[in-house]
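Trainee: structure.tsv is reproduced in full below (TSV, C-alpha atoms).
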chain	number	residue	atom	x	y	z
S	1	MET	CA	10.45	97.04	206.18
S	2	ASP	CA	7.75	97.22	208.86
S	3	LYS	CA	5.69	94.12	209.38
S	4	LYS	CA	2.34	94.30	207.63
S	5	VAL	CA	-0.71	94.28	209.87
S	6	VAL	CA	-3.33	92.00	208.36
S	7	LEU	CA	-6.95	91.41	209.38
S	8	VAL	CA	-8.29	88.03	208.27
S	9	THR	CA	-12.00	87.44	208.83
S	10	GLY	CA	-13.32	83.93	209.42
S	11	ALA	CA	-9.82	82.84	210.30
S	12	SER	CA	-10.23	80.08	212.86
S	13	ARG	CA	-10.49	77.15	210.48
S	14	GLY	CA	-10.26	76.00	206.88
S	15	LEU	CA	-9.06	78.54	204.36
S	16	GLY	CA	-8.89	81.43	206.83
S	17	ARG	CA	-6.65	79.42	209.12
S	18	ALA	CA	-4.33	78.48	206.24
S	19	ILE	CA	-4.12	82.11	205.12
S	20	SER	CA	-3.40	83.34	208.66
S	21	ILE	CA	-0.61	80.82	209.22
S	22	HIS	CA	0.99	81.41	205.82
S	23	LEU	CA	1.01	85.18	206.29
S	24	ALA	CA	2.39	84.86	209.82
S	25	GLU	CA	5.15	82.60	208.49
S	26	ASN	CA	6.01	85.41	206.09
S	27	ASN	CA	6.57	88.19	208.61
S	28	CYS	CA	3.02	89.53	208.96
S	29	ILE	CA	1.13	90.44	212.11
S	30	VAL	CA	-2.21	88.68	211.74
S	31	ILE	CA	-5.43	89.52	213.55
S	32	ALA	CA	-7.42	86.30	213.11
S	33	ASN	CA	-11.10	87.09	213.42
S	34	TYR	CA	-13.64	84.45	214.40
S	35	ASN	CA	-17.21	84.41	215.67
S	36	LYS	CA	-18.69	81.03	216.62
S	37	SER	CA	-15.72	78.67	216.18
S	38	GLU	CA	-14.11	79.40	219.54
S	39	LYS	CA	-12.60	75.92	219.96
S	40	GLU	CA	-10.80	76.18	216.62
S	41	ALA	CA	-9.74	79.76	217.37
S	42	LYS	CA	-8.16	78.68	220.66
S	43	GLU	CA	-6.35	75.87	218.83
S	44	LEU	CA	-4.97	78.41	216.35
S	45	GLU	CA	-3.89	80.63	219.23
S	46	LYS	CA	-2.11	77.68	220.86
S	47	LEU	CA	-0.34	76.80	217.60
S	48	ALA	CA	0.74	80.41	217.18
S	49	LYS	CA	2.36	80.41	220.62
S	50	GLU	CA	4.10	77.10	219.95
S	51	LYS	CA	5.43	78.23	216.56
S	52	ASN	CA	6.06	81.83	217.63
S	53	TYR	CA	3.67	83.12	214.99
S	54	ASN	CA	2.40	86.67	215.39
S	55	ILE	CA	-1.30	85.74	215.32
S	56	ILE	CA	-3.85	87.39	217.61
S	57	ILE	CA	-7.37	85.96	217.72
S	58	TYR	CA	-10.30	88.37	217.97
S	59	LYS	CA	-13.98	87.49	218.33
S	60	ALA	CA	-16.43	89.60	216.32
S	61	ASP	CA	-19.53	89.02	214.22
S	62	VAL	CA	-18.70	90.53	210.83
S	63	THR	CA	-22.39	90.99	210.04
S	64	ASN	CA	-22.65	93.34	213.03
S	65	ARG	CA	-21.51	96.93	212.39
S	66	VAL	CA	-20.87	97.68	216.08
S	67	GLU	CA	-18.65	94.63	216.58
S	68	ILE	CA	-16.75	95.39	213.37
S	69	LYS	CA	-16.07	98.94	214.56
S	70	GLU	CA	-14.82	97.67	217.92
S	71	MET	CA	-12.48	95.20	216.20
S	72	VAL	CA	-11.06	97.81	213.84
S	73	ASP	CA	-10.65	100.29	216.71
S	74	TYR	CA	-8.72	97.66	218.67
S	75	ILE	CA	-6.36	97.05	215.74
S	76	ILE	CA	-5.74	100.75	215.18
S	77	LYS	CA	-5.15	101.44	218.89
S	78	THR	CA	-2.79	98.47	219.16
S	79	TYR	CA	-0.88	98.64	215.86
S	80	HIS	CA	-1.76	102.13	214.54
S	81	LYS	CA	-2.57	100.81	211.05
S	82	ILE	CA	-4.22	98.12	208.96
S	83	ASP	CA	-2.19	97.33	205.86
S	84	VAL	CA	-4.23	94.42	204.54
S	85	LEU	CA	-7.80	93.19	204.85
S	86	ILE	CA	-8.69	89.63	203.85
S	87	ASN	CA	-12.48	89.28	203.66
S	88	ASN	CA	-12.60	85.51	204.03
S	89	ALA	CA	-15.62	84.95	206.32
S	90	GLY	CA	-18.56	83.43	204.53
S	91	VAL	CA	-21.45	81.02	204.76
S	92	ALA	CA	-23.06	78.38	202.56
S	93	ARG	CA	-26.61	77.11	202.46
S	94	ALA	CA	-27.48	74.71	199.65
S	95	ARG	CA	-31.05	75.22	198.47
S	96	MET	CA	-32.90	74.56	195.23
S	97	PHE	CA	-34.26	77.79	193.79
S	98	ASN	CA	-37.89	77.15	194.70
S	99	GLU	CA	-36.91	76.24	198.28
S	100	ILE	CA	-35.07	79.48	199.12
S	101	SER	CA	-36.72	81.27	202.04
S	102	ASP	CA	-36.45	84.89	203.13
S	103	GLU	CA	-34.40	83.69	206.11
S	104	ASP	CA	-32.01	81.92	203.73
S	105	ILE	CA	-31.66	85.11	201.69
S	106	ASP	CA	-30.87	87.22	204.75
S	107	PHE	CA	-28.41	84.66	206.12
S	108	VAL	CA	-26.41	84.19	202.91
S	109	ILE	CA	-26.43	87.80	201.67
S	110	GLN	CA	-25.50	89.15	205.11
S	111	GLY	CA	-22.80	86.52	205.60
S	112	ASN	CA	-21.23	86.60	202.15
S	113	TYR	CA	-21.82	90.08	200.76
S	114	CYS	CA	-22.82	92.58	203.46
S	115	SER	CA	-20.00	91.43	205.73
S	116	VAL	CA	-17.44	92.20	203.00
S	117	LEU	CA	-19.01	95.61	202.39
S	118	ARG	CA	-19.20	96.55	206.08
S	119	VAL	CA	-15.71	95.44	207.09
S	120	SER	CA	-14.21	97.15	204.04
S	121	GLN	CA	-16.08	100.35	204.90
S	122	GLU	CA	-14.68	100.38	208.44
S	123	VAL	CA	-11.09	99.64	207.35
S	124	TYR	CA	-11.07	101.97	204.33
S	125	PRO	CA	-10.64	105.34	206.16
S	126	TYR	CA	-7.37	104.17	207.72
S	127	MET	CA	-6.01	102.90	204.41
S	128	LYS	CA	-7.05	106.16	202.76
S	129	MET	CA	-5.27	108.16	205.47
S	130	ALA	CA	-2.11	106.10	204.96
S	131	ASN	CA	-2.48	106.37	201.16
S	132	ILE	CA	-1.86	102.65	200.77
S	133	GLY	CA	-3.73	99.43	201.34
S	134	CYS	CA	-4.67	96.01	200.08
S	135	ILE	CA	-8.11	94.39	200.24
S	136	ILE	CA	-8.55	90.76	199.16
S	137	ASN	CA	-12.03	89.26	198.98
S	138	ILE	CA	-12.48	85.50	198.97
S	139	SER	CA	-15.12	84.73	196.37
S	140	SER	CA	-15.93	81.46	194.57
S	141	ILE	CA	-15.74	79.99	191.10
S	142	TYR	CA	-19.54	79.69	191.35
S	143	GLY	CA	-19.76	83.48	191.33
S	144	ILE	CA	-18.30	83.30	187.81
S	145	THR	CA	-19.88	80.14	186.41
S	146	GLY	CA	-23.06	79.83	188.46
S	147	ALA	CA	-24.13	76.52	189.97
S	148	ALA	CA	-27.36	74.54	189.94
S	149	GLY	CA	-28.62	74.07	193.49
S	150	ALA	CA	-26.58	77.05	194.67
S	151	VAL	CA	-28.35	80.03	193.09
S	152	LEU	CA	-28.30	82.04	196.30
S	153	TYR	CA	-24.68	81.25	197.21
S	154	ALA	CA	-23.42	81.86	193.66
S	155	SER	CA	-25.33	85.15	193.45
S	156	SER	CA	-23.80	86.37	196.70
S	157	LYS	CA	-20.31	85.60	195.43
S	158	ALA	CA	-21.01	87.30	192.08
S	159	ALA	CA	-21.95	90.37	194.12
S	160	VAL	CA	-18.57	90.18	195.86
S	161	ASP	CA	-16.86	90.10	192.46
S	162	ALA	CA	-18.78	93.20	191.34
S	163	LEU	CA	-17.94	94.95	194.62
S	164	THR	CA	-14.26	94.09	194.09
S	165	LYS	CA	-14.08	95.59	190.60
S	166	SER	CA	-16.13	98.67	191.43
S	167	LEU	CA	-14.25	99.44	194.64
S	168	ALA	CA	-10.90	99.00	192.89
S	169	LYS	CA	-11.92	101.72	190.43
S	170	GLU	CA	-13.27	104.01	193.15
S	171	ILE	CA	-10.37	103.97	195.63
S	172	GLY	CA	-7.36	103.19	193.46
S	173	ASN	CA	-6.37	106.87	193.53
S	174	TYR	CA	-5.52	106.35	197.22
S	175	ASN	CA	-3.09	103.56	196.28
S	176	ILE	CA	-5.47	100.92	197.63
S	177	ARG	CA	-5.63	97.70	195.64
S	178	VAL	CA	-8.77	95.54	195.70
S	179	ASN	CA	-8.80	92.01	194.32
S	180	ALA	CA	-10.73	88.78	194.75
S	181	ILE	CA	-9.72	85.14	194.71
S	182	ALA	CA	-12.33	82.67	193.48
S	183	PRO	CA	-11.42	79.16	194.65
S	184	GLY	CA	-12.89	76.01	193.17
S	185	VAL	CA	-14.02	73.09	195.32
S	186	MET	CA	-11.54	72.87	198.18
S	187	ASN	CA	-10.76	70.36	200.89
S	188	THR	CA	-12.23	72.38	203.78
S	189	ASP	CA	-15.07	72.08	206.31
S	190	LEU	CA	-17.36	73.74	203.77
S	191	ASN	CA	-17.22	70.48	201.79
S	192	LYS	CA	-17.00	68.05	204.71
S	193	ASP	CA	-20.05	66.13	203.46
S	194	LEU	CA	-18.31	65.03	200.26
S	195	ASN	CA	-17.28	61.37	200.23
S	196	ASP	CA	-14.39	59.67	198.44
S	197	GLU	CA	-16.49	59.14	195.32
S	198	ASP	CA	-17.41	62.84	195.24
S	199	TRP	CA	-13.77	63.87	195.57
S	200	ASP	CA	-12.82	61.48	192.78
S	201	ILE	CA	-15.34	63.23	190.54
S	202	VAL	CA	-13.81	66.60	191.47
S	203	LYS	CA	-10.36	65.26	190.55
S	204	LYS	CA	-11.58	63.91	187.22
S	205	GLU	CA	-12.96	67.34	186.32
S	206	SER	CA	-9.49	68.83	186.77
S	207	PRO	CA	-6.87	68.70	183.99
S	208	LEU	CA	-4.32	68.45	186.79
S	209	TYR	CA	-6.28	65.62	188.45
S	210	ARG	CA	-5.90	67.19	191.87
S	211	ILE	CA	-7.96	68.85	194.57
S	212	THR	CA	-7.29	72.52	195.31
S	213	GLU	CA	-5.94	72.90	198.85
S	214	PRO	CA	-6.18	75.94	201.15
S	215	ILE	CA	-2.43	76.51	200.91
S	216	ASP	CA	-2.83	77.08	197.15
S	217	ILE	CA	-5.12	80.01	197.91
S	218	ALA	CA	-2.93	81.23	200.78
S	219	LYS	CA	0.08	81.48	198.46
S	220	CYS	CA	-1.92	83.65	196.05
S	221	VAL	CA	-3.01	85.84	198.96
S	222	LEU	CA	0.62	86.42	199.92
S	223	TRP	CA	1.50	87.33	196.34
S	224	LEU	CA	-1.32	89.88	196.23
S	225	VAL	CA	-0.21	91.31	199.58
S	226	LEU	CA	3.30	91.90	198.23
S	227	ASP	CA	2.27	92.97	194.71
S	228	LYS	CA	2.00	96.64	193.74
S	229	SER	CA	0.19	96.66	190.37
S	230	THR	CA	-2.66	94.17	190.42
S	231	THR	CA	-6.13	95.53	191.19
S	232	GLY	CA	-9.74	94.89	190.22
S	233	GLN	CA	-9.06	91.26	189.37
S	234	VAL	CA	-10.95	88.07	190.21
S	235	ILE	CA	-8.35	85.31	190.21
S	236	SER	CA	-9.76	81.79	189.96
S	237	ILE	CA	-7.66	79.01	191.47
S	238	ASN	CA	-9.27	75.62	190.93
S	239	SER	CA	-6.67	73.21	189.50
S	240	GLY	CA	-8.13	73.91	186.06
S	241	THR	CA	-11.56	72.50	186.94
S	242	THR	CA	-13.19	75.37	185.10
S	243	ILE	CA	-11.04	77.01	182.46
S	244	ILE	CA	-12.65	80.18	181.19
Mind turning the file's structure into structure tokens?

Mentor:
Amino acid sequence: MDKKVVLVTGASRGLGRAISIHLAENNCIVIANYNKSEKEAKELEKLAKEKNYNIIIYKADVTNRVEIKEMVDYIIKTYHKIDVLINNAGVARARMFNEISDEDIDFVIQGNYCSVLRVSQEVYPYMKMANIGCIINISSIYGITGAAGAVLYASSKAAVDALTKSLAKEIGNYNIRVNAIAPGVMNTDLNKDLNDEDWDIVKKESPLYRITEPIDIAKCVLWLVLDKSTTGQVISINSGTTII
């Protein structure tokens, strides 16, 4: 079987890094996209060389249509296909509802929703031509449950969930599967401000009394990459913190 060519956005650190490494360890060619985190991207590139992982870093702003096109063109010219797209890049900006500015709205919606839409649009024609493909969008449990103090962030992730389900219905006839994974609170840079007491509270909210780790999500990503029947689903992995 040919190695799958996978584009992972926001791949230089945290969850994106874990996903990239896990897929590379499982015989995938990974294009690890980054934008501002160049130091972390170079560290991932160094690790890939040391471990003989097939990971190629590529700098592009996934809110910029021109840069997305250039990245996709590079992948097609180099590998002649894109089997899998992992829309992982995202941003967070905690604001109380009455403090949300227009700049906040633009930043979060562009970073969390429009980026998913744009990258998917640019990759889709090649998946359609091949009559097969897999798109996985990284959402959030807050897109399902909502969250006080995170109205804007939660709304943007709910939009990703709606995009996932709608797109799965629209392009399934081309054998393209579209799913989302909605993690709970994870031990990543996104939550670097949490202290030991905060993490203990997170644990106590979990029936498993554990914190969800990036590798937990990465393993689900690999399953969805290899699966043939699952589409239009939002899979929440959160150690049981929120059982719906």

Trainee: Kindly assemble as a Markdown table a list of the region 131-198 of chain S residues that lie within 9 Å of region 103-120 of chain S, each paired with its nearest atom pair and their distance in Å to one decimal, using all atoms listed in the file, sorted first by chain and then by ascending residue number.

Mentor:
| residue | atom | partner | partner_atom | distance |
| --- | --- | --- | --- | --- |
| S:Ile135 | CA | S:Ser120 | CA | 7.7 |
| S:Asn137 | CA | S:Val116 | CA | 7.4 |
| S:Ser139 | CA | S:Asn112 | CA | 8.6 |
| S:Leu152 | CA | S:Ile105 | CA | 7.1 |
| S:Tyr153 | CA | S:Val108 | CA | 6.6 |
| S:Ser155 | CA | S:Ile109 | CA | 8.7 |
| S:Ser156 | CA | S:Ile109 | CA | 5.8 |
| S:Lys157 | CA | S:Asn112 | CA | 6.9 |
| S:Ala159 | CA | S:Tyr113 | CA | 6.6 |
| S:Val160 | CA | S:Tyr113 | CA | 5.9 |
| S:Leu163 | CA | S:Leu117 | CA | 7.9 |

Trainee: I'd like to know which of S:Ala41, S:Ala89, S:Ile181, S:Ile82 is closest to Leu222 (chain S), using all atoms listed in the file.

Mentor: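 Going through S:Ala41, S:Ala89, S:Ile181, S:Ile82 one by one, the smallest distance to Leu222 (chain S) is for S:Ile181.
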
Trainee: Find the residues near Ala148 (chain S): any atom within 12 Å, counting all atoms listed in the file, skip ones fewer than 4 places away on the same chain, and give them as a count of residues only.

Mentor: 11

Trainee: Could you check which of S:Thr63, S:Asn131, S:Thr241, S:Ser206 is closest to Arg177 (chain S), using only C-alpha atoms?

Mentor: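 Closest candidate: S:Asn131.
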
Trainee: Can you tell me which residues surround Tyr53 (chain S) at a distance of at most 10 Å, considering only C-alpha atoms, apart from same-chain residues fewer than 2 positions away, and format the answer as an MDAnalysis selection string?

Mentor: chainID S and resid 20:30 44:51 55:56

Trainee: Let me make sure I understand: among S:Met71, S:Val178, S:Ala218, S:Leu15, which one has the smallest atom-to-atom distance to Met127 (chain S) if we use all atoms listed in the file?

Mentor: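 The answer is S:Val178, which sits nearest to Met127 (chain S).
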
Trainee: Please determine, counting all atoms listed in the file, which residue among S:Asp2, S:Asp227, S:Asp216, S:Glu67 has the shortest atom-to-atom distance to Tyr79 (chain S).

Mentor: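 Looking only at the distances to Tyr79 (chain S), the closest residue turns out to be S:Asp2.
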
Trainee: Residues within 8 Å of Val221 (chain S), please, as a ChimeraX atom specification. Count only C-alpha atoms; anything in the same chain fewer than 2 positions from it doesn't count.

Mentor: /S:19,136,181,217-219,223-225
